[in-house]
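K.L.:
Pasting work.txt here (compact mmCIF, N, CA and C atoms):
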```txt
# COMPACT_ATOMS: atom_id res chain seq x y z
N MET A 1 37.28 9.10 -31.51
CA MET A 1 35.90 9.21 -31.91
C MET A 1 35.26 7.82 -31.96
N SER A 2 34.08 7.72 -31.46
CA SER A 2 33.40 6.44 -31.38
C SER A 2 32.76 6.08 -32.72
N ASN A 3 32.75 4.80 -33.02
CA ASN A 3 32.09 4.31 -34.23
C ASN A 3 30.60 4.10 -34.00
N MET A 4 30.14 4.28 -32.76
CA MET A 4 28.73 4.09 -32.43
C MET A 4 27.91 5.22 -33.01
N LYS A 5 26.86 4.86 -33.71
CA LYS A 5 25.95 5.86 -34.26
C LYS A 5 24.79 6.03 -33.29
N SER A 6 24.27 7.23 -33.18
CA SER A 6 23.11 7.44 -32.32
C SER A 6 21.90 6.83 -33.00
N PRO A 7 20.86 6.48 -32.21
CA PRO A 7 19.67 5.86 -32.80
C PRO A 7 19.07 6.78 -33.87
N LEU A 8 18.64 6.17 -34.95
CA LEU A 8 17.98 6.94 -36.00
C LEU A 8 16.67 7.49 -35.47
N PRO A 9 16.26 8.66 -35.92
CA PRO A 9 15.01 9.24 -35.43
C PRO A 9 13.82 8.29 -35.53
N GLN A 10 13.73 7.52 -36.62
CA GLN A 10 12.60 6.62 -36.76
C GLN A 10 12.65 5.45 -35.78
N CYS A 11 13.79 5.24 -35.11
CA CYS A 11 13.93 4.16 -34.14
C CYS A 11 13.63 4.62 -32.71
N ALA A 12 13.44 5.89 -32.51
CA ALA A 12 13.24 6.43 -31.16
C ALA A 12 12.06 5.77 -30.45
N SER A 13 10.97 5.50 -31.16
CA SER A 13 9.82 4.87 -30.52
C SER A 13 10.14 3.43 -30.10
N MET A 14 10.96 2.73 -30.89
CA MET A 14 11.36 1.37 -30.51
C MET A 14 12.27 1.39 -29.28
N VAL A 15 13.12 2.37 -29.18
CA VAL A 15 14.00 2.51 -28.02
C VAL A 15 13.15 2.76 -26.78
N ARG A 16 12.12 3.59 -26.90
CA ARG A 16 11.24 3.88 -25.74
C ARG A 16 10.54 2.63 -25.26
N ILE A 17 9.94 1.85 -26.18
CA ILE A 17 9.21 0.65 -25.74
C ILE A 17 10.18 -0.40 -25.21
N GLN A 18 11.36 -0.48 -25.79
CA GLN A 18 12.36 -1.42 -25.28
C GLN A 18 12.75 -1.04 -23.85
N ASN A 19 12.91 0.23 -23.57
CA ASN A 19 13.25 0.68 -22.22
C ASN A 19 12.13 0.35 -21.24
N ILE A 20 10.90 0.51 -21.66
CA ILE A 20 9.75 0.22 -20.78
C ILE A 20 9.67 -1.27 -20.49
N LEU A 21 9.87 -2.11 -21.50
CA LEU A 21 9.69 -3.55 -21.34
C LEU A 21 11.00 -4.30 -21.11
N SER A 22 12.02 -3.58 -20.68
CA SER A 22 13.35 -4.19 -20.55
C SER A 22 13.48 -5.17 -19.39
N GLY A 23 12.60 -5.17 -18.44
CA GLY A 23 12.70 -6.12 -17.34
C GLY A 23 12.43 -7.54 -17.80
N LYS A 24 13.14 -8.49 -17.24
CA LYS A 24 13.05 -9.90 -17.65
C LYS A 24 11.61 -10.42 -17.61
N TRP A 25 10.81 -9.96 -16.66
CA TRP A 25 9.50 -10.54 -16.43
C TRP A 25 8.34 -9.70 -16.95
N LYS A 26 8.59 -8.50 -17.42
CA LYS A 26 7.50 -7.56 -17.71
C LYS A 26 6.52 -8.06 -18.76
N ILE A 27 7.00 -8.64 -19.82
CA ILE A 27 6.09 -9.12 -20.86
C ILE A 27 5.21 -10.24 -20.31
N THR A 28 5.79 -11.13 -19.53
CA THR A 28 5.02 -12.23 -18.95
C THR A 28 4.02 -11.71 -17.92
N ILE A 29 4.41 -10.73 -17.14
CA ILE A 29 3.49 -10.11 -16.18
C ILE A 29 2.30 -9.52 -16.92
N LEU A 30 2.56 -8.76 -17.97
CA LEU A 30 1.47 -8.18 -18.76
C LEU A 30 0.59 -9.26 -19.37
N TRP A 31 1.22 -10.34 -19.81
CA TRP A 31 0.46 -11.45 -20.40
C TRP A 31 -0.53 -12.03 -19.39
N TYR A 32 -0.04 -12.36 -18.20
CA TYR A 32 -0.93 -12.96 -17.20
C TYR A 32 -2.03 -12.00 -16.76
N ILE A 33 -1.70 -10.74 -16.59
CA ILE A 33 -2.74 -9.79 -16.21
C ILE A 33 -3.77 -9.67 -17.33
N SER A 34 -3.33 -9.69 -18.57
CA SER A 34 -4.29 -9.59 -19.68
C SER A 34 -5.16 -10.84 -19.77
N GLU A 35 -4.58 -12.00 -19.51
CA GLU A 35 -5.34 -13.26 -19.60
C GLU A 35 -6.36 -13.41 -18.48
N TYR A 36 -6.02 -12.97 -17.28
CA TYR A 36 -6.89 -13.16 -16.13
C TYR A 36 -7.60 -11.88 -15.71
N GLU A 37 -7.36 -10.77 -16.40
CA GLU A 37 -7.95 -9.46 -16.18
C GLU A 37 -7.53 -8.80 -14.87
N ILE A 38 -7.60 -9.53 -13.78
CA ILE A 38 -7.17 -9.01 -12.48
C ILE A 38 -6.29 -10.07 -11.84
N GLN A 39 -5.14 -9.63 -11.32
CA GLN A 39 -4.23 -10.56 -10.66
C GLN A 39 -3.79 -9.98 -9.32
N ARG A 40 -3.79 -10.83 -8.32
CA ARG A 40 -3.23 -10.44 -7.03
C ARG A 40 -1.74 -10.76 -7.05
N PHE A 41 -1.00 -10.11 -6.17
CA PHE A 41 0.45 -10.27 -6.12
C PHE A 41 0.85 -11.74 -5.99
N GLY A 42 0.24 -12.43 -5.03
CA GLY A 42 0.57 -13.84 -4.80
C GLY A 42 0.26 -14.73 -5.99
N GLU A 43 -0.85 -14.44 -6.67
CA GLU A 43 -1.20 -15.22 -7.87
C GLU A 43 -0.14 -15.05 -8.95
N LEU A 44 0.27 -13.80 -9.17
CA LEU A 44 1.31 -13.53 -10.17
C LEU A 44 2.60 -14.24 -9.81
N ARG A 45 2.97 -14.16 -8.57
CA ARG A 45 4.23 -14.78 -8.14
C ARG A 45 4.21 -16.29 -8.35
N ARG A 46 3.08 -16.92 -8.05
CA ARG A 46 2.95 -18.37 -8.26
C ARG A 46 2.99 -18.71 -9.75
N ARG A 47 2.33 -17.92 -10.57
CA ARG A 47 2.31 -18.17 -12.01
C ARG A 47 3.71 -18.02 -12.63
N LEU A 48 4.46 -17.03 -12.15
CA LEU A 48 5.78 -16.75 -12.70
C LEU A 48 6.83 -17.74 -12.21
N GLY A 49 6.61 -18.30 -11.03
CA GLY A 49 7.50 -19.33 -10.51
C GLY A 49 8.81 -18.84 -9.94
N ASP A 50 9.79 -18.60 -10.78
CA ASP A 50 11.16 -18.36 -10.35
C ASP A 50 11.46 -16.92 -9.96
N ILE A 51 10.50 -16.07 -9.84
CA ILE A 51 10.72 -14.64 -9.58
C ILE A 51 10.77 -14.39 -8.07
N THR A 52 11.65 -13.49 -7.65
CA THR A 52 11.69 -13.13 -6.23
C THR A 52 10.63 -12.07 -5.95
N GLN A 53 10.27 -11.97 -4.69
CA GLN A 53 9.27 -10.98 -4.28
C GLN A 53 9.73 -9.57 -4.62
N SER A 54 11.00 -9.27 -4.37
CA SER A 54 11.50 -7.91 -4.63
C SER A 54 11.52 -7.60 -6.12
N THR A 55 11.87 -8.57 -6.96
CA THR A 55 11.89 -8.35 -8.41
C THR A 55 10.47 -8.12 -8.92
N LEU A 56 9.52 -8.94 -8.46
CA LEU A 56 8.13 -8.77 -8.89
C LEU A 56 7.63 -7.39 -8.47
N THR A 57 7.89 -7.00 -7.24
CA THR A 57 7.47 -5.69 -6.75
C THR A 57 8.05 -4.58 -7.62
N LYS A 58 9.34 -4.67 -7.92
CA LYS A 58 10.02 -3.65 -8.73
C LYS A 58 9.42 -3.56 -10.12
N GLN A 59 9.21 -4.70 -10.76
CA GLN A 59 8.69 -4.69 -12.13
C GLN A 59 7.24 -4.24 -12.18
N LEU A 60 6.44 -4.60 -11.18
CA LEU A 60 5.06 -4.12 -11.11
C LEU A 60 5.04 -2.60 -10.93
N ARG A 61 5.89 -2.08 -10.06
CA ARG A 61 5.95 -0.63 -9.85
C ARG A 61 6.34 0.11 -11.13
N GLU A 62 7.31 -0.44 -11.85
CA GLU A 62 7.75 0.19 -13.10
C GLU A 62 6.63 0.16 -14.14
N LEU A 63 5.93 -0.96 -14.26
CA LEU A 63 4.82 -1.04 -15.21
C LEU A 63 3.70 -0.08 -14.83
N GLU A 64 3.48 0.09 -13.52
CA GLU A 64 2.48 1.05 -13.05
C GLU A 64 2.93 2.48 -13.38
N GLN A 65 4.18 2.76 -13.11
CA GLN A 65 4.75 4.08 -13.39
C GLN A 65 4.68 4.43 -14.88
N ASP A 66 4.86 3.43 -15.73
CA ASP A 66 4.83 3.64 -17.18
C ASP A 66 3.41 3.64 -17.73
N GLY A 67 2.41 3.40 -16.87
CA GLY A 67 1.02 3.52 -17.27
C GLY A 67 0.39 2.27 -17.87
N PHE A 68 1.06 1.11 -17.78
CA PHE A 68 0.53 -0.12 -18.36
C PHE A 68 -0.43 -0.85 -17.43
N ILE A 69 -0.21 -0.74 -16.12
CA ILE A 69 -1.08 -1.42 -15.17
C ILE A 69 -1.52 -0.44 -14.08
N SER A 70 -2.63 -0.81 -13.44
CA SER A 70 -3.06 -0.04 -12.27
C SER A 70 -3.06 -0.97 -11.07
N ARG A 71 -2.91 -0.38 -9.93
CA ARG A 71 -2.80 -1.11 -8.66
C ARG A 71 -3.92 -0.65 -7.77
N TYR A 72 -4.69 -1.59 -7.24
CA TYR A 72 -5.77 -1.24 -6.32
C TYR A 72 -5.51 -1.92 -4.99
N VAL A 73 -5.43 -1.12 -3.93
CA VAL A 73 -5.17 -1.64 -2.59
C VAL A 73 -6.48 -1.61 -1.79
N TYR A 74 -6.90 -2.76 -1.31
CA TYR A 74 -8.09 -2.85 -0.46
C TYR A 74 -7.68 -2.50 0.97
N GLN A 75 -8.48 -1.73 1.63
CA GLN A 75 -8.21 -1.32 3.01
C GLN A 75 -8.74 -2.40 3.96
N GLU A 76 -7.99 -3.47 4.07
CA GLU A 76 -8.37 -4.57 4.95
C GLU A 76 -7.11 -5.25 5.46
N VAL A 77 -7.30 -6.08 6.49
CA VAL A 77 -6.18 -6.83 7.06
C VAL A 77 -6.51 -8.30 6.91
N PRO A 78 -5.63 -9.11 6.35
CA PRO A 78 -4.37 -8.72 5.73
C PRO A 78 -4.62 -7.93 4.45
N SER A 79 -3.63 -7.16 4.05
CA SER A 79 -3.81 -6.30 2.90
C SER A 79 -4.02 -7.13 1.63
N LYS A 80 -4.77 -6.56 0.72
CA LYS A 80 -5.08 -7.23 -0.54
C LYS A 80 -4.82 -6.20 -1.64
N VAL A 81 -3.99 -6.58 -2.61
CA VAL A 81 -3.64 -5.70 -3.71
C VAL A 81 -3.94 -6.42 -5.01
N GLU A 82 -4.62 -5.72 -5.92
CA GLU A 82 -4.93 -6.30 -7.22
C GLU A 82 -4.36 -5.43 -8.33
N TYR A 83 -3.94 -6.08 -9.39
CA TYR A 83 -3.38 -5.40 -10.55
C TYR A 83 -4.25 -5.69 -11.77
N SER A 84 -4.45 -4.66 -12.58
CA SER A 84 -5.19 -4.81 -13.83
C SER A 84 -4.55 -3.90 -14.87
N LEU A 85 -4.92 -4.14 -16.13
CA LEU A 85 -4.37 -3.32 -17.21
C LEU A 85 -5.11 -1.99 -17.28
N THR A 86 -4.37 -0.96 -17.58
CA THR A 86 -4.96 0.34 -17.89
C THR A 86 -5.39 0.31 -19.36
N ASP A 87 -5.97 1.39 -19.84
CA ASP A 87 -6.31 1.46 -21.26
C ASP A 87 -5.06 1.33 -22.12
N LEU A 88 -3.96 1.94 -21.68
CA LEU A 88 -2.70 1.81 -22.40
C LEU A 88 -2.27 0.35 -22.44
N GLY A 89 -2.34 -0.33 -21.30
CA GLY A 89 -1.98 -1.75 -21.24
C GLY A 89 -2.87 -2.60 -22.12
N LYS A 90 -4.17 -2.30 -22.12
CA LYS A 90 -5.11 -3.06 -22.96
C LYS A 90 -4.79 -2.86 -24.44
N SER A 91 -4.34 -1.67 -24.80
CA SER A 91 -4.00 -1.42 -26.21
C SER A 91 -2.78 -2.22 -26.64
N PHE A 92 -2.00 -2.71 -25.69
CA PHE A 92 -0.80 -3.51 -25.98
C PHE A 92 -1.12 -5.00 -26.12
N VAL A 93 -2.30 -5.43 -25.71
CA VAL A 93 -2.68 -6.85 -25.72
C VAL A 93 -2.57 -7.47 -27.12
N PRO A 94 -3.04 -6.83 -28.20
CA PRO A 94 -2.88 -7.46 -29.52
C PRO A 94 -1.41 -7.74 -29.87
N ILE A 95 -0.51 -6.90 -29.41
CA ILE A 95 0.92 -7.12 -29.65
C ILE A 95 1.39 -8.35 -28.86
N LEU A 96 0.95 -8.46 -27.61
CA LEU A 96 1.28 -9.64 -26.80
C LEU A 96 0.76 -10.91 -27.47
N GLN A 97 -0.46 -10.86 -27.98
CA GLN A 97 -1.05 -12.03 -28.64
C GLN A 97 -0.25 -12.40 -29.89
N ASP A 98 0.16 -11.40 -30.66
CA ASP A 98 0.98 -11.68 -31.85
C ASP A 98 2.34 -12.26 -31.46
N MET A 99 2.92 -11.75 -30.37
CA MET A 99 4.21 -12.28 -29.91
C MET A 99 4.06 -13.75 -29.50
N LYS A 100 2.97 -14.07 -28.80
CA LYS A 100 2.75 -15.45 -28.38
C LYS A 100 2.54 -16.35 -29.59
N LYS A 101 1.73 -15.88 -30.54
CA LYS A 101 1.48 -16.65 -31.75
C LYS A 101 2.79 -16.93 -32.51
N TRP A 102 3.61 -15.90 -32.66
CA TRP A 102 4.89 -16.06 -33.35
C TRP A 102 5.78 -17.05 -32.61
N SER A 103 5.82 -16.93 -31.28
CA SER A 103 6.63 -17.82 -30.46
C SER A 103 6.14 -19.27 -30.58
N ASP A 104 4.81 -19.46 -30.55
CA ASP A 104 4.26 -20.82 -30.69
C ASP A 104 4.67 -21.46 -32.01
N ILE A 105 4.74 -20.66 -33.05
CA ILE A 105 5.07 -21.17 -34.38
C ILE A 105 6.58 -21.40 -34.54
N HIS A 106 7.38 -20.43 -34.11
CA HIS A 106 8.81 -20.45 -34.43
C HIS A 106 9.73 -20.93 -33.31
N LEU A 107 9.26 -20.96 -32.10
CA LEU A 107 10.16 -21.30 -30.99
C LEU A 107 9.75 -22.57 -30.26
N MET A 108 8.76 -23.27 -30.73
CA MET A 108 8.34 -24.52 -30.07
C MET A 108 9.10 -25.69 -30.60
```
Could you render the structure as structure tokens?

P.N.:
Amino acid sequence: MSNMKSPLPQCASMVRIQNILSGKWKITILWYISEYEIQRFGELRRRLGDITQSTLTKQLRELEQDGFISRYVYQEVPSKVEYSLTDLGKSFVPILQDMKKWSDIHLM
């Protein structure tokens, strides 16, 4: 028999948000999109620096799937794709701001 306890019912919501934001770059991606309102793929990649194209694509798709960001593709050549926060993503901005504030105080 395992000594592992299942998550307490009151922790279920924390487990859900942790699963959504579990990617290494997701919080930073949300931060940049919230700060600049609209971000193109290349802009995000330059801002993030060390991220690969495939990782950025994967994390953007997951954030879109989870309803935090929306993706708009312009029908032009070369293709142009922009990302912005959905209403759900915008509702998360105060949490991002609090996280940044806490980090500035305690981790600098």

K.L.:
Atom CA of Tyr36 of chain A and atom CA of Gly49 of chain A, how far apart in Å?

P.N.:
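Atom-to-atom, atom CA of Gly49 of chain A and atom CA of Tyr36 of chain A are spaced 16.6 Å apart.
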
K.L.:
I'd like to know which residues of segment 46-81 of chain A are strand (DSSP E or B) (by DSSP, run on the backbone); could you write them as a list in words?

P.N.:
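Selecting the strand (DSSP E or B) positions of segment 46-81 of chain A gives Ile69, Ser70, Arg71, Tyr72, Val73, Tyr74, Lys80 and Val81 of chain A.
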
K.L.:
Can you pull out the residues contacting Gly89 of chain A? Cut-off 8 Å, using all atoms listed in the file, and skip same-chain residues under 5 positions away; I want them as a compact mmCIF listing (two decimals) with N, CA and C atoms, keeping the file's coordinate frame.

P.N.:
```
# COMPACT_ATOMS: atom_id res chain seq x y z
N LEU A 30 2.56 -8.76 -17.97
CA LEU A 30 1.47 -8.18 -18.76
C LEU A 30 0.59 -9.26 -19.37
N SER A 34 -3.33 -9.69 -18.57
CA SER A 34 -4.29 -9.59 -19.68
C SER A 34 -5.16 -10.84 -19.77
N ASP A 66 4.86 3.43 -15.73
CA ASP A 66 4.83 3.64 -17.18
C ASP A 66 3.41 3.64 -17.73
N GLY A 67 2.41 3.40 -16.87
CA GLY A 67 1.02 3.52 -17.27
C GLY A 67 0.39 2.27 -17.87
N PHE A 68 1.06 1.11 -17.78
CA PHE A 68 0.53 -0.12 -18.36
C PHE A 68 -0.43 -0.85 -17.43
N ILE A 69 -0.21 -0.74 -16.12
CA ILE A 69 -1.08 -1.42 -15.17
C ILE A 69 -1.52 -0.44 -14.08
N SER A 70 -2.63 -0.81 -13.44
CA SER A 70 -3.06 -0.04 -12.27
C SER A 70 -3.06 -0.97 -11.07
N SER A 84 -4.45 -4.66 -12.58
CA SER A 84 -5.19 -4.81 -13.83
C SER A 84 -4.55 -3.90 -14.87
N PRO A 94 -3.04 -6.83 -28.20
CA PRO A 94 -2.88 -7.46 -29.52
C PRO A 94 -1.41 -7.74 -29.87
```

K.L.:
Let me make sure I understand: among A:Tyr74, A:Ile95, A:Ile20, A:Leu48, which one has the smallest atom-to-atom distance to Glu62 of chain A if we use only N, CA and C atoms?

P.N.:
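Selected residue with least distance to Glu62 of chain A: A:Ile20.
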
K.L.:
Would you mind reading off the distance between atom N of Gln59 of chain A and atom C of Ser13 of chain A, one decimal, in Å?

P.N.:
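Here the two named atoms are 21.0 Å from each other.
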
K.L.:
In Å to one decimal, how far is atom CA of Leu63 of chain A from atom C of Arg47 of chain A?

P.N.:
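Going from atom C of Arg47 of chain A over to atom CA of Leu63 of chain A, I get 17.2 Å.
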
K.L.:
Give me every alpha helix (DSSP H) residue in chain A, going by DSSP on the backbone, as a ChimeraX atom specification.

P.N.:
/A:12-20,26-36,41-48,53-65,87-106

K.L.:
Residues within 8 Å of Lys80 of chain A, please, as a list of chain:residue names. Count all atoms listed in the file; anything in the same chain fewer than 5 positions from it doesn't count.

P.N.:
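Near neighbours after the sequence-gap exclusion: A:Arg40, A:Phe41, A:Tyr72, A:Val73, A:Tyr74, A:Gln75.
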
K.L.:
Can you spit out the residues from that selection as an mmCIF file, in the coordinates of the input, using N, CA and C atoms?

P.N.:
```
data_model
loop_
_atom_site.group_PDB
_atom_site.id
_atom_site.type_symbol
_atom_site.label_atom_id
_atom_site.label_comp_id
_atom_site.auth_asym_id
_atom_site.auth_seq_id
_atom_site.Cartn_x
_atom_site.Cartn_y
_atom_site.Cartn_z
ATOM 1 N N ARG A 40 -3.790 -10.830 -8.320
ATOM 2 C CA ARG A 40 -3.230 -10.440 -7.030
ATOM 3 C C ARG A 40 -1.740 -10.760 -7.050
ATOM 4 N N PHE A 41 -1.000 -10.110 -6.170
ATOM 5 C CA PHE A 41 0.450 -10.270 -6.120
ATOM 6 C C PHE A 41 0.850 -11.740 -5.990
ATOM 7 N N TYR A 72 -4.690 -1.590 -7.240
ATOM 8 C CA TYR A 72 -5.770 -1.240 -6.320
ATOM 9 C C TYR A 72 -5.510 -1.920 -4.990
ATOM 10 N N VAL A 73 -5.430 -1.120 -3.930
ATOM 11 C CA VAL A 73 -5.170 -1.640 -2.590
ATOM 12 C C VAL A 73 -6.480 -1.610 -1.790
ATOM 13 N N TYR A 74 -6.900 -2.760 -1.310
ATOM 14 C CA TYR A 74 -8.090 -2.850 -0.460
ATOM 15 C C TYR A 74 -7.680 -2.500 0.970
ATOM 16 N N GLN A 75 -8.480 -1.730 1.630
ATOM 17 C CA GLN A 75 -8.210 -1.320 3.010
ATOM 18 C C GLN A 75 -8.740 -2.400 3.960
#
```

K.L.:
Edge lengths and centre, in Å to one decimal, as AutoDock Vina command-line options: that's what I need for the box along x, y and z that holds all listed atoms of segment 23-28 of chain A plus 5 Å on each side.

P.N.:
```
--center_x 8.6 --center_y -8.7 --center_z -18.6 --size_x 19.1 --size_y 17.1 --size_z 14.4
```

K.L.:
Please supply segment 86-96 of chain A, rebuilt with all heavy atoms, as a CSV table (one decimal), in the frame of the given file.

P.N.:
```csv
chain,number,residue,atom,x,y,z
A,86,THR,N,-4.4,-1.0,-17.6
A,86,THR,CA,-5.0,0.3,-17.9
A,86,THR,C,-5.4,0.3,-19.4
A,86,THR,O,-5.2,-0.7,-20.1
A,86,THR,CB,-3.9,1.5,-17.7
A,86,THR,OG1,-2.9,1.2,-18.6
A,86,THR,CG2,-3.4,1.5,-16.3
A,87,ASP,N,-6.0,1.4,-19.8
A,87,ASP,CA,-6.3,1.5,-21.3
A,87,ASP,C,-5.1,1.3,-22.1
A,87,ASP,O,-5.1,0.7,-23.2
A,87,ASP,CB,-7.0,2.8,-21.6
A,87,ASP,CG,-8.5,2.8,-21.0
A,87,ASP,OD1,-9.0,1.7,-20.7
A,87,ASP,OD2,-9.0,3.9,-20.9
A,88,LEU,N,-4.0,1.9,-21.7
A,88,LEU,CA,-2.7,1.8,-22.4
A,88,LEU,C,-2.3,0.4,-22.4
A,88,LEU,O,-1.9,-0.2,-23.5
A,88,LEU,CB,-1.6,2.7,-21.8
A,88,LEU,CG,-0.2,2.6,-22.4
A,88,LEU,CD1,-0.3,3.2,-23.8
A,88,LEU,CD2,0.8,3.3,-21.5
A,89,GLY,N,-2.3,-0.3,-21.3
A,89,GLY,CA,-2.0,-1.8,-21.2
A,89,GLY,C,-2.9,-2.6,-22.1
A,89,GLY,O,-2.4,-3.5,-22.8
A,90,LYS,N,-4.2,-2.3,-22.1
A,90,LYS,CA,-5.1,-3.1,-23.0
A,90,LYS,C,-4.8,-2.9,-24.4
A,90,LYS,O,-5.0,-3.8,-25.2
A,90,LYS,CB,-6.5,-2.6,-22.7
A,90,LYS,CG,-7.0,-3.1,-21.3
A,90,LYS,CD,-8.4,-2.6,-21.0
A,90,LYS,CE,-8.8,-3.0,-19.6
A,90,LYS,NZ,-10.1,-2.4,-19.2
A,91,SER,N,-4.3,-1.7,-24.8
A,91,SER,CA,-4.0,-1.4,-26.2
A,91,SER,C,-2.8,-2.2,-26.6
A,91,SER,O,-2.5,-2.4,-27.8
A,91,SER,CB,-3.8,0.1,-26.5
A,91,SER,OG,-2.6,0.5,-25.9
A,92,PHE,N,-2.0,-2.7,-25.7
A,92,PHE,CA,-0.8,-3.5,-26.0
A,92,PHE,C,-1.1,-5.0,-26.1
A,92,PHE,O,-0.3,-5.8,-26.6
A,92,PHE,CB,0.2,-3.3,-24.9
A,92,PHE,CG,1.6,-3.8,-25.2
A,92,PHE,CD1,2.4,-3.2,-26.2
A,92,PHE,CD2,2.1,-4.9,-24.5
A,92,PHE,CE1,3.7,-3.6,-26.5
A,92,PHE,CE2,3.4,-5.3,-24.8
A,92,PHE,CZ,4.2,-4.7,-25.8
A,93,VAL,N,-2.3,-5.4,-25.7
A,93,VAL,CA,-2.7,-6.8,-25.7
A,93,VAL,C,-2.6,-7.5,-27.1
A,93,VAL,O,-2.0,-8.6,-27.3
A,93,VAL,CB,-4.1,-7.1,-25.1
A,93,VAL,CG1,-4.6,-8.5,-25.3
A,93,VAL,CG2,-4.0,-6.8,-23.6
A,94,PRO,N,-3.0,-6.8,-28.2
A,94,PRO,CA,-2.9,-7.5,-29.5
A,94,PRO,C,-1.4,-7.7,-29.9
A,94,PRO,O,-1.1,-8.7,-30.5
A,94,PRO,CB,-3.5,-6.4,-30.5
A,94,PRO,CG,-4.4,-5.6,-29.7
A,94,PRO,CD,-3.8,-5.6,-28.3
A,95,ILE,N,-0.5,-6.9,-29.4
A,95,ILE,CA,0.9,-7.1,-29.6
A,95,ILE,C,1.4,-8.4,-28.9
A,95,ILE,O,2.1,-9.2,-29.4
A,95,ILE,CB,1.7,-5.9,-29.3
A,95,ILE,CG1,1.3,-4.7,-30.2
A,95,ILE,CG2,3.2,-6.1,-29.4
A,95,ILE,CD1,1.8,-3.4,-29.8
A,96,LEU,N,1.0,-8.5,-27.6
A,96,LEU,CA,1.3,-9.6,-26.8
A,96,LEU,C,0.8,-10.9,-27.5
A,96,LEU,O,1.5,-11.9,-27.5
A,96,LEU,CB,0.7,-9.5,-25.4
A,96,LEU,CG,1.3,-8.5,-24.5
A,96,LEU,CD1,0.4,-8.4,-23.2
A,96,LEU,CD2,2.7,-8.9,-24.1
```
